[in-house]
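K.L.:
Just target_10.pdb, nothing more (PDB, C-alpha atoms, pLDDT in the B column):
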```
ATOM      1  CA  MET A 298     -13.365   3.349  18.145  1.00 37.00           C
ATOM      2  CA  ARG A 299     -11.819   0.822  15.829  1.00 47.00           C
ATOM      3  CA  LEU A 300      -8.529   0.133  14.178  1.00 58.00           C
ATOM      4  CA  ASN A 301      -8.133   2.228  11.071  1.00 67.00           C
ATOM      5  CA  THR A 302      -9.219   0.316   7.955  1.00 88.00           C
ATOM      6  CA  LYS A 303      -6.025   1.427   6.200  1.00 90.00           C
ATOM      7  CA  CYS A 304      -4.176  -1.213   8.207  1.00 92.00           C
ATOM      8  CA  SER A 305      -6.493  -3.992   6.998  1.00 94.00           C
ATOM      9  CA  ILE A 306      -6.182  -2.775   3.425  1.00 96.00           C
ATOM     10  CA  ALA A 307      -2.391  -2.623   3.736  1.00 97.00           C
ATOM     11  CA  LEU A 308      -2.237  -6.155   5.144  1.00 97.00           C
ATOM     12  CA  HIS A 309      -4.507  -7.334   2.314  1.00 97.00           C
ATOM     13  CA  CYS A 310      -2.103  -5.737  -0.172  1.00 97.00           C
ATOM     14  CA  LEU A 311       0.940  -7.301   1.513  1.00 98.00           C
ATOM     15  CA  VAL A 312      -0.595 -10.785   1.414  1.00 98.00           C
ATOM     16  CA  PHE A 313      -1.453 -10.223  -2.262  1.00 97.00           C
ATOM     17  CA  ILE A 314       2.056  -8.940  -3.050  1.00 97.00           C
ATOM     18  CA  SER A 315       3.627 -11.898  -1.226  1.00 97.00           C
ATOM     19  CA  GLU A 316       1.500 -14.325  -3.200  1.00 96.00           C
ATOM     20  CA  TYR A 317       1.723 -12.775  -6.663  1.00 95.00           C
ATOM     21  CA  GLU A 318       4.811 -10.565  -6.997  1.00 94.00           C
ATOM     22  CA  ASN A 319       6.689 -13.347  -8.811  1.00 93.00           C
ATOM     23  CA  LYS A 320       3.719 -14.287 -11.013  1.00 94.00           C
ATOM     24  CA  THR A 321       2.405 -10.952 -12.274  1.00 93.00           C
ATOM     25  CA  LYS A 322       3.032  -7.230 -12.101  1.00 93.00           C
ATOM     26  CA  VAL A 323       1.302  -6.140  -8.884  1.00 95.00           C
ATOM     27  CA  THR A 324      -0.038  -2.650  -9.571  1.00 93.00           C
ATOM     28  CA  SER A 325      -2.283  -0.300  -7.631  1.00 92.00           C
ATOM     29  CA  THR A 326      -5.063  -1.043 -10.132  1.00 93.00           C
ATOM     30  CA  LEU A 327      -4.772  -4.774  -9.506  1.00 95.00           C
ATOM     31  CA  LEU A 328      -4.671  -4.229  -5.732  1.00 96.00           C
ATOM     32  CA  ALA A 329      -7.663  -1.887  -5.965  1.00 95.00           C
ATOM     33  CA  ARG A 330      -9.676  -4.632  -7.664  1.00 96.00           C
ATOM     34  CA  SER A 331      -8.671  -7.148  -5.008  1.00 96.00           C
ATOM     35  CA  THR A 332      -9.392  -4.840  -2.056  1.00 96.00           C
ATOM     36  CA  GLY A 333     -12.424  -3.066  -3.493  1.00 95.00           C
ATOM     37  CA  CYS A 334     -10.742   0.298  -2.906  1.00 94.00           C
ATOM     38  CA  ASN A 335      -9.981   3.274  -5.089  1.00 92.00           C
ATOM     39  CA  PRO A 336      -6.570   2.988  -6.845  1.00 92.00           C
ATOM     40  CA  SER A 337      -5.534   6.396  -5.451  1.00 93.00           C
ATOM     41  CA  ALA A 338      -6.192   5.145  -1.895  1.00 94.00           C
ATOM     42  CA  ILE A 339      -4.059   2.086  -2.666  1.00 95.00           C
ATOM     43  CA  ARG A 340      -1.260   4.297  -4.029  1.00 94.00           C
ATOM     44  CA  SER A 341      -1.325   6.318  -0.812  1.00 95.00           C
ATOM     45  CA  ILE A 342      -1.002   3.151   1.274  1.00 96.00           C
ATOM     46  CA  LEU A 343       1.757   1.787  -0.972  1.00 96.00           C
ATOM     47  CA  THR A 344       3.643   5.075  -0.651  1.00 95.00           C
ATOM     48  CA  ALA A 345       3.544   4.839   3.154  1.00 96.00           C
ATOM     49  CA  LEU A 346       4.690   1.204   3.039  1.00 98.00           C
ATOM     50  CA  GLN A 347       7.479   2.129   0.632  1.00 97.00           C
ATOM     51  CA  LYS A 348       8.682   5.003   2.849  1.00 97.00           C
ATOM     52  CA  ALA A 349       8.865   2.531   5.736  1.00 97.00           C
ATOM     53  CA  GLY A 350      10.984   0.137   3.648  1.00 97.00           C
ATOM     54  CA  ILE A 351       8.340  -2.577   3.721  1.00 98.00           C
ATOM     55  CA  ILE A 352       7.861  -2.687  -0.059  1.00 98.00           C
ATOM     56  CA  SER A 353       9.460  -1.275  -3.169  1.00 95.00           C
ATOM     57  CA  VAL A 354       7.574  -0.073  -6.213  1.00 93.00           C
ATOM     58  CA  THR A 355       9.309  -0.102  -9.575  1.00 85.00           C
ATOM     59  CA  ARG A 356       8.723   3.229 -11.294  1.00 77.00           C
ATOM     60  CA  GLY A 357       7.703   3.288 -14.936  1.00 71.00           C
ATOM     61  CA  VAL A 358       7.348  -0.446 -15.340  1.00 71.00           C
ATOM     62  CA  GLY A 359       5.285  -0.678 -12.165  1.00 73.00           C
ATOM     63  CA  GLY A 360       4.931  -3.522  -9.767  1.00 90.00           C
ATOM     64  CA  ALA A 361       5.209  -3.765  -6.004  1.00 95.00           C
ATOM     65  CA  HIS A 362       7.660  -6.091  -4.276  1.00 96.00           C
ATOM     66  CA  LEU A 363       8.021  -7.085  -0.646  1.00 97.00           C
ATOM     67  CA  GLU A 364      11.299  -5.865   0.858  1.00 97.00           C
ATOM     68  CA  GLN A 365      11.032  -7.505   4.274  1.00 96.00           C
ATOM     69  CA  ASP A 366      10.955 -11.114   5.338  1.00 97.00           C
ATOM     70  CA  PRO A 367       7.337 -12.061   6.130  1.00 98.00           C
ATOM     71  CA  MET A 368       8.605 -13.897   9.222  1.00 98.00           C
ATOM     72  CA  GLU A 369      10.018 -10.626  10.552  1.00 98.00           C
ATOM     73  CA  LEU A 370       7.421  -8.100   9.408  1.00 98.00           C
ATOM     74  CA  THR A 371       4.863  -7.457  12.144  1.00 98.00           C
ATOM     75  CA  VAL A 372       1.374  -6.012  12.036  1.00 96.00           C
ATOM     76  CA  TRP A 373       2.691  -3.235  14.318  1.00 95.00           C
ATOM     77  CA  GLU A 374       5.272  -2.187  11.705  1.00 96.00           C
ATOM     78  CA  VAL A 375       2.557  -2.005   9.052  1.00 96.00           C
ATOM     79  CA  TYR A 376       0.220  -0.064  11.331  1.00 93.00           C
ATOM     80  CA  HIS A 377       3.011   2.292  12.383  1.00 92.00           C
ATOM     81  CA  ALA A 378       3.954   2.937   8.727  1.00 95.00           C
ATOM     82  CA  LEU A 379       0.379   4.091   8.111  1.00 92.00           C
ATOM     83  CA  GLU A 380      -0.202   5.821  11.456  1.00 87.00           C
ATOM     84  CA  PRO A 381       3.114   7.336  12.584  1.00 81.00           C
ATOM     85  CA  GLU A 382       1.412   8.812  15.646  1.00 77.00           C
ATOM     86  CA  GLY A 383       1.068   5.250  16.855  1.00 71.00           C
ATOM     87  CA  LEU A 384      -1.882   4.346  18.985  1.00 70.00           C
ATOM     88  CA  GLU A 385      -2.551   7.855  20.284  1.00 68.00           C
ATOM     89  CA  HIS A 386      -5.649   8.024  18.127  1.00 63.00           C
ATOM     90  CA  PHE A 387      -6.701   4.395  18.605  1.00 68.00           C
ATOM     91  CA  VAL A 388      -8.648   5.223  21.746  1.00 72.00           C
ATOM     92  CA  GLY A 389      -9.207   8.963  21.710  1.00 74.00           C
ATOM     93  CA  PHE A 390     -10.620  11.541  24.006  1.00 76.00           C
ATOM     94  CA  HIS A 391     -13.789  13.371  23.065  1.00 78.00           C
ATOM     95  CA  PRO A 392     -12.732  16.890  22.083  1.00 81.00           C
ATOM     96  CA  ASN A 393     -14.852  19.242  24.173  1.00 86.00           C
ATOM     97  CA  PRO A 394     -15.587  18.117  27.721  1.00 87.00           C
ATOM     98  CA  SER A 395     -17.041  20.975  29.730  1.00 90.00           C
ATOM     99  CA  HIS A 396     -14.542  22.621  32.049  1.00 89.00           C
ATOM    100  CA  MET A 397     -17.533  23.936  34.010  1.00 93.00           C
ATOM    101  CA  CYS A 398     -18.514  20.365  34.934  1.00 93.00           C
ATOM    102  CA  PRO A 399     -16.674  18.569  37.777  1.00 93.00           C
ATOM    103  CA  VAL A 400     -16.432  15.369  35.675  1.00 93.00           C
ATOM    104  CA  GLY A 401     -15.708  17.186  32.406  1.00 91.00           C
ATOM    105  CA  LYS A 402     -12.707  19.067  33.757  1.00 91.00           C
ATOM    106  CA  ARG A 403     -11.056  15.895  35.109  1.00 91.00           C
ATOM    107  CA  ILE A 404     -12.073  13.192  32.624  1.00 91.00           C
ATOM    108  CA  VAL A 405      -8.936  13.420  30.460  1.00 87.00           C
ATOM    109  CA  SER A 406      -6.632  12.869  33.441  1.00 90.00           C
ATOM    110  CA  VAL A 407      -8.879  10.040  34.701  1.00 92.00           C
ATOM    111  CA  LEU A 408      -8.808   8.211  31.343  1.00 90.00           C
ATOM    112  CA  LYS A 409      -5.158   8.821  30.429  1.00 88.00           C
ATOM    113  CA  LYS A 410      -3.711   5.931  32.482  1.00 89.00           C
ATOM    114  CA  PRO A 411      -6.179   3.222  31.368  1.00 90.00           C
ATOM    115  CA  TYR A 412      -5.954   4.390  27.741  1.00 87.00           C
ATOM    116  CA  THR A 413      -2.163   4.158  27.895  1.00 86.00           C
ATOM    117  CA  LYS A 414      -2.494   0.613  29.249  1.00 90.00           C
ATOM    118  CA  ILE A 415      -4.919  -0.317  26.453  1.00 89.00           C
ATOM    119  CA  GLY A 416      -2.575   1.139  23.830  1.00 87.00           C
ATOM    120  CA  SER A 417       0.376  -0.817  25.219  1.00 88.00           C
ATOM    121  CA  ALA A 418      -1.596  -4.068  25.150  1.00 92.00           C
ATOM    122  CA  VAL A 419      -2.695  -3.457  21.562  1.00 90.00           C
ATOM    123  CA  ARG A 420       0.871  -2.693  20.462  1.00 91.00           C
ATOM    124  CA  GLU A 421       2.188  -5.835  22.174  1.00 95.00           C
ATOM    125  CA  ALA A 422      -0.418  -7.956  20.419  1.00 95.00           C
ATOM    126  CA  MET A 423       0.377  -6.354  17.043  1.00 95.00           C
ATOM    127  CA  GLU A 424       4.101  -6.978  17.559  1.00 96.00           C
ATOM    128  CA  GLU A 425       3.418 -10.702  18.027  1.00 98.00           C
ATOM    129  CA  ILE A 426       1.636 -11.161  14.692  1.00 98.00           C
ATOM    130  CA  THR A 427       3.762 -11.453  11.553  1.00 98.00           C
ATOM    131  CA  LEU A 428       2.918 -11.321   7.878  1.00 98.00           C
ATOM    132  CA  GLN A 429       4.037 -14.958   7.717  1.00 98.00           C
ATOM    133  CA  GLN A 430       1.315 -15.904  10.200  1.00 98.00           C
ATOM    134  CA  LEU A 431      -1.243 -14.151   7.992  1.00 97.00           C
ATOM    135  CA  LEU A 432       0.112 -15.980   4.947  1.00 97.00           C
ATOM    136  CA  ASP A 433      -0.079 -19.293   6.809  1.00 97.00           C
ATOM    137  CA  ASP A 434      -3.700 -18.525   7.716  1.00 96.00           C
ATOM    138  CA  TYR A 435      -4.369 -17.577   4.089  1.00 95.00           C
ATOM    139  CA  HIS A 436      -3.106 -20.995   2.993  1.00 94.00           C
ATOM    140  CA  SER A 437      -4.977 -22.865   5.721  1.00 92.00           C
ATOM    141  CA  PRO A 438      -7.818 -25.026   4.425  1.00 85.00           C
ATOM    142  CA  ASP A 439      -9.879 -23.837   7.404  1.00 83.00           C
ATOM    143  CA  ASN A 440     -10.025 -20.319   5.903  1.00 72.00           C
ATOM    144  CA  GLY A 441     -11.778 -21.116   2.658  1.00 63.00           C
TER     145      GLY A 441
END
```
Show this structure as structure tokens.
P.N.:
Amino acid sequence: MRLNTKCSIALHCLVFISEYENKTKVTSTLLARSTGCNPSAIRSILTALQKAGIISVTRGVGGAHLEQDPMELTVWEVYHALEPEGLEHFVGFHPNPSHMCPVGKRIVSVLKKPYTKIGSAVREAMEEITLQQLLDDYHSPDNG
């Protein structure tokens, strides 16, 4: 149970784009080198971010550009662009509890309320963190 790594990769890409979009052409190949990921995985993430209006990608010439103000763009918006189902899969149920077992047949209903509470807390926390805060941390001398 952990936050999908696509979100971390996307945030990495967004920090990189914010830092370098006016200095160089930010391509999926360049982002792949920075993140250590396959360029096709980066293109998939960029496509999701573009569909959400977070970035634009210039066709032909190439190059990704941030379309939202870093002070307004939250980690939740990035996560939601990549995982439209939201946090439903963040804390999941195991798929085959035994309906013959007294615990197995009731476990989903027992866990539903606390899992909903956990999901709400995670979303709230993600909505409080902006790309600008990540950029500020990136520039902080304490993060070297």
K.L.:
Write out as a list in words the residues lying within 9 Å of Gln429 in chain A, counting all atoms listed in the file and excluding same-chain residues fewer than 4 positions away.
P.N.:
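My list of contacting residues is Val312, Asp366, Pro367, Met368, Glu369, Leu370, Thr371, Asp433 and Asp434 of chain A.
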K.L.:
Quick check on the file I pasted: which residues fall under the PyMOL selection byres ((chain A and resi 376) around 9)? Write them as a list in words.
P.N.:
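So the PyMOL selection byres ((chain A and resi 376) around 9), applied here, picks out Asn301, Lys303, Cys304, Ser305, Ala307, Thr371, Val372, Trp373, Glu374, Val375, His377, Ala378, Leu379, Glu380, Pro381, Gly383 and Met423 of chain A.
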K.L.:
Taking all atoms listed in the file into account, which of A:Val358, A:Leu384, A:His436, A:Arg403 comes nearest Glu421 in chain A?
P.N.:
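Under the stated criterion, the closest residue is A:Leu384.
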K.L.:
Write out as number ranges by chain each polymer residue whose atoms come within 9 Å of range 328-334 of chain A, counting only C-alpha atoms; drop sequence neighbours fewer than 3 positions from it.
P.N.:
A: 306, 309-310, 313-314, 323-325, 337-339
K.L.:
How would you write, as a tab-separated table (two decimals) with C-alpha atoms, in the coordinates of the input, the residues chosen by the PyMOL selection byres ((chain A and resi 390-398) around 12) on this structure?
P.N.:
```tsv
chain	number	residue	atom	x	y	z
A	298	MET	CA	-13.36	3.35	18.14
A	385	GLU	CA	-2.55	7.86	20.28
A	386	HIS	CA	-5.65	8.02	18.13
A	387	PHE	CA	-6.70	4.39	18.60
A	388	VAL	CA	-8.65	5.22	21.75
A	389	GLY	CA	-9.21	8.96	21.71
A	399	PRO	CA	-16.67	18.57	37.78
A	400	VAL	CA	-16.43	15.37	35.67
A	401	GLY	CA	-15.71	17.19	32.41
A	402	LYS	CA	-12.71	19.07	33.76
A	403	ARG	CA	-11.06	15.90	35.11
A	404	ILE	CA	-12.07	13.19	32.62
A	405	VAL	CA	-8.94	13.42	30.46
A	406	SER	CA	-6.63	12.87	33.44
A	407	VAL	CA	-8.88	10.04	34.70
A	408	LEU	CA	-8.81	8.21	31.34
A	409	LYS	CA	-5.16	8.82	30.43
A	411	PRO	CA	-6.18	3.22	31.37
A	412	TYR	CA	-5.95	4.39	27.74
A	413	THR	CA	-2.16	4.16	27.90
```
K.L.:
Draw an axis-aligned box over all listed atoms of range 351-366 of chain A, pad each side with 3 Å, and write its centre and edge lengths in Å, one decimal, as AutoDock Vina command-line options.
P.N.:
```
--center_x 8.1 --center_y -3.9 --center_z -5.0 --size_x 12.4 --size_y 20.4 --size_z 26.7
```
K.L.:
Would you compute the distance between CA of Ile351 in chain A and CA of Gly416 in chain A? Give it in Å to one decimal.
P.N.:
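Going from CA of Ile351 in chain A over to CA of Gly416 in chain A covers 23.2 Å.
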K.L.:
Can you tell me how far CA of Glu382 in chain A sits from CA of Val419 in chain A, in Å to one decimal?
P.N.:
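Spanning CA of Glu382 in chain A to CA of Val419 in chain A is a straight-line distance of 14.2 Å.
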K.L.:
Figure out the distance between CA of Glu316 in chain A and CA of Leu431 in chain A, please, to one decimal in Å.
P.N.:
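Taking CA of Leu431 in chain A and CA of Glu316 in chain A, their separation equals 11.5 Å.
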K.L.:
Using only C-alpha atoms, which of A:Thr344, A:Leu308, A:Thr302, A:Tyr317 sits nearest Thr427 in chain A?
P.N.:
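Checking each candidate against Thr427 in chain A, we get A:Leu308 as the closest.
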K.L.:
Counting only C-alpha atoms, select every polymer residue within 6 Å of (2.6, -2.9, 0.3) as defined in the file's coordinates, and provide the selection as an MDAnalysis selection string.
P.N.:
chainID A and resid 310:311 343 346 352
K.L.:
Please expand the PyMOL selection byres ((chain A and resi 360) around 10) into the concrete residues it hits in this file, giving the result as a ChimeraX atom specification.
P.N.:
/A:314,318,321-325,327,353-359,361-362
K.L.:
Given all atoms listed in the file as the basis, pick out the residue of A:Lys414, A:Ala345, A:Leu363, A:Lys320 nearest to Leu428 in chain A.
P.N.:
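The answer is A:Leu363, which sits nearest to Leu428 in chain A.
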